[in-house]
Amino acid sequence: MNRRSFLQTSVGVATLASTSRIFARSDDATLVISTWNHGLPANIAARATLRNGGTVLDAVEHGVMIVEADPTNLSVGLGGLPDRDGIVTLDASIMTGDCRAGSVCFVQGIAHPISLARMVMERTPHVILAGLGAERFAREQGISQVPNALTLQARKAWEVWCKEKNYSPVINIENHDTIGLLAINSSGEMAGACTTSGLAFKAHGRVGDSPIIGAGLYVDNEVGAATCTGLGESVLRTLASFLAVESMRSGASPQQACETAIKRIVSKHSNYKDFQVGILAIDRQRRHGAYSIQKGFSYALNEELKTSASYIG
Ligand code: ASP
């Protein structure tokens, strides 16, 4: 190797090294966490958005949009399982660490309810829009509504359910349930997003915890953020995400905060063995926590899949 090519190579290596240091530094300073196995592709998209200079709000929106767009996902987006009447209705919320929030609930035919939730936050003085009103707002914003058509997979599952019409929430199946995603960027700004088709075969009009700020999602830059998945009614009764964030405000670690929230749900529900709730939390120090009632709550931490500890061993 002559001097010139040595220098070129050295400069190249040095540039590569400093570039990868920059990436490593910015990657290390960001944290993205989300519920279930479907969190993995969501996290990858969210982190790519952060790396490419997007805001933390862009990151959480882009992350969960990946899951909303997956027609094979039976619990998020238009591919989700329908309600008792065979209609898919969607709930979503988004929140930033400076206490701005938007949500939509009981909406039909909207491919990306999370983006509509963001529009509610950014383009209206409101926090929640529901049902027909949310759909009208979507059309006003140029979002086209797609007709309610179940995917083949969802239709088959509904037809099977219709034979018995027996409503009992399933505790835990891999790759199911709401996606809740939390992120903190290299400046310490946080945001969260939560989107779901809700409980399979629910009563028409039922709204779960996901679009309710403080229940399915809560974010506060001063403290941390939390998001829940599982039986929404139990999360609504206890405002579990808010409870977790407030626990961290009082000094709890994210893990302790998650355990406090799950234990509160357990203490208020004598039938807790019959359902699942999982919760994730992060704090300003970029620590995280994860806990669930039943075994088997998987979550994605950056680009890694993990399983939480659980109340029932
Ligand atoms: N929490 C959602 C709901 O109750 C469903 C889930 O996460 O499984 O609508």
# chains A, B, ... in the order shown; residues from 1 in each chain; ligands from 1

call {"tool": "closest_atom_pairs", "arguments": {"of": "chain A", "to": "ligand 1", "cutoff": "6 Å", "atoms": "only C-alpha atoms and all ligand atoms", "output": "JSON lines"}}
result
{"residue": "A:Asp177", "atom": "CA", "partner": "ligand 1", "partner_atom_place_in_ligand_line": "8 (O)", "distance": 3.9}
{"residue": "A:Thr178", "atom": "CA", "partner": "ligand 1", "partner_atom_place_in_ligand_line": "7 (O)", "distance": 3.9}
{"residue": "A:Gly198", "atom": "CA", "partner": "ligand 1", "partner_atom_place_in_ligand_line": "9 (O)", "distance": 3.3}
{"residue": "A:Leu199", "atom": "CA", "partner": "ligand 1", "partner_atom_place_in_ligand_line": "9 (O)", "distance": 5.0}
{"residue": "A:Gly208", "atom": "CA", "partner": "ligand 1", "partner_atom_place_in_ligand_line": "9 (O)", "distance": 3.9}
{"residue": "A:Asp209", "atom": "CA", "partner": "ligand 1", "partner_atom_place_in_ligand_line": "1 (N)", "distance": 5.5}
{"residue": "A:Ser210", "atom": "CA", "partner": "ligand 1", "partner_atom_place_in_ligand_line": "1 (N)", "distance": 5.6}
{"residue": "A:Thr229", "atom": "CA", "partner": "ligand 1", "partner_atom_place_in_ligand_line": "7 (O)", "distance": 3.6}
{"residue": "A:Gly230", "atom": "CA", "partner": "ligand 1", "partner_atom_place_in_ligand_line": "7 (O)", "distance": 3.8}
{"residue": "A:Leu231", "atom": "CA", "partner": "ligand 1", "partner_atom_place_in_ligand_line": "4 (O)", "distance": 4.5}
{"residue": "A:Gly232", "atom": "CA", "partner": "ligand 1", "partner_atom_place_in_ligand_line": "4 (O)", "distance": 3.1}

call {"tool": "residues_around", "arguments": {"residues": "region 52-68 of chain A", "least_positions_apart": "5", "cutoff": "10 Å", "atoms": "only C-alpha atoms", "output": "JSON, numbers by chain"}}
result
{"A": [30, 32, 33, 34, 38, 39, 40, 41, 42, 43, 44, 45, 46, 47, 73, 74, 75, 76, 77, 78, 79, 80, 93, 94, 95, 96, 97, 110, 111, 112, 113, 114, 115, 117, 118, 178, 179, 180, 181, 182, 183, 184, 185, 186, 187, 188, 189, 190, 191, 192, 193, 194, 195, 196, 197]}

call {"tool": "select_by_dssp", "arguments": {"residues": "region 109-169 of chain A", "states": "alpha helix (DSSP H)", "output": "VMD selection string"}}
result
chain A and resid 113 to 123 131 to 140 152 to 164

call {"tool": "closest_atom_pairs", "arguments": {"of": "region 247-275 of chain A", "to": "region 290-308 of chain A", "cutoff": "10 Å", "atoms": "only C-alpha atoms", "output": "Markdown table"}}
result
| residue | atom | partner | partner_atom | distance |
| --- | --- | --- | --- | --- |
| A:Pro254 | CA | A:Ala290 | CA | 7.8 |
| A:Gln255 | CA | A:Ala290 | CA | 6.0 |
| A:Gln256 | CA | A:Ala290 | CA | 9.1 |
| A:Ala257 | CA | A:Ala290 | CA | 9.0 |
| A:Cys258 | CA | A:Tyr291 | CA | 5.7 |
| A:Glu259 | CA | A:Tyr291 | CA | 6.0 |
| A:Thr260 | CA | A:Tyr291 | CA | 9.4 |
| A:Ala261 | CA | A:Tyr291 | CA | 8.9 |
| A:Ile262 | CA | A:Ser292 | CA | 6.5 |
| A:Lys263 | CA | A:Ile293 | CA | 8.3 |
| A:Ile265 | CA | A:Ile293 | CA | 8.7 |
| A:Val266 | CA | A:Ile293 | CA | 7.7 |
| A:Tyr272 | CA | A:Ile293 | CA | 7.6 |
| A:Lys273 | CA | A:Gln294 | CA | 7.6 |
| A:Asp274 | CA | A:Gln294 | CA | 9.0 |
| A:Phe275 | CA | A:Gln294 | CA | 7.7 |

call {"tool": "closest_residue", "arguments": {"among": "A:Val219, A:Cys228, A:Val88, A:Val235", "to": "Thr151 (chain A)", "atoms": "only C-alpha atoms"}}
result
A:Val88

call {"tool": "residues_around", "arguments": {"residues": "Cys99 (chain A)", "least_positions_apart": "5", "cutoff": "9 Å", "atoms": "only C-alpha atoms", "output": "mmCIF file with C-alpha atoms, in the first residue's frame"}}
result
data_model
loop_
_atom_site.group_PDB
_atom_site.id
_atom_site.type_symbol
_atom_site.label_atom_id
_atom_site.label_comp_id
_atom_site.auth_asym_id
_atom_site.auth_seq_id
_atom_site.Cartn_x
_atom_site.Cartn_y
_atom_site.Cartn_z
ATOM 1 C CA TYR A 218 -49.157 8.476 29.643
ATOM 2 C CA VAL A 219 -46.025 10.531 29.006
ATOM 3 C CA ASP A 220 -44.352 13.278 31.010
ATOM 4 C CA ASN A 221 -40.866 14.520 30.091
#

call {"tool": "select_by_dssp", "arguments": {"residues": "region 18-221 of chain A", "states": "strand (DSSP E)", "output": "ChimeraX atom specification"}}
result
/A:31-35,90-96,101-107,128-130,179-184,190-196,217-220

call {"tool": "closest_residue", "arguments": {"among": "A:Ala154, A:Cys162, A:Ile212, A:Ala281", "to": "Glu233 (chain A)", "atoms": "only C-alpha atoms"}}
result
A:Ile212

call {"tool": "closest_residue", "arguments": {"among": "A:Leu132, A:Met121, A:Ile87, A:Ala48", "to": "Leu150 (chain A)", "atoms": "only C-alpha atoms"}}
result
A:Ile87

call {"tool": "closest_residue", "arguments": {"among": "A:Gly133, A:Gly289, A:Gly102, A:Gly214", "to": "Ala240 (chain A)", "atoms": "only C-alpha atoms"}}
result
A:Gly214
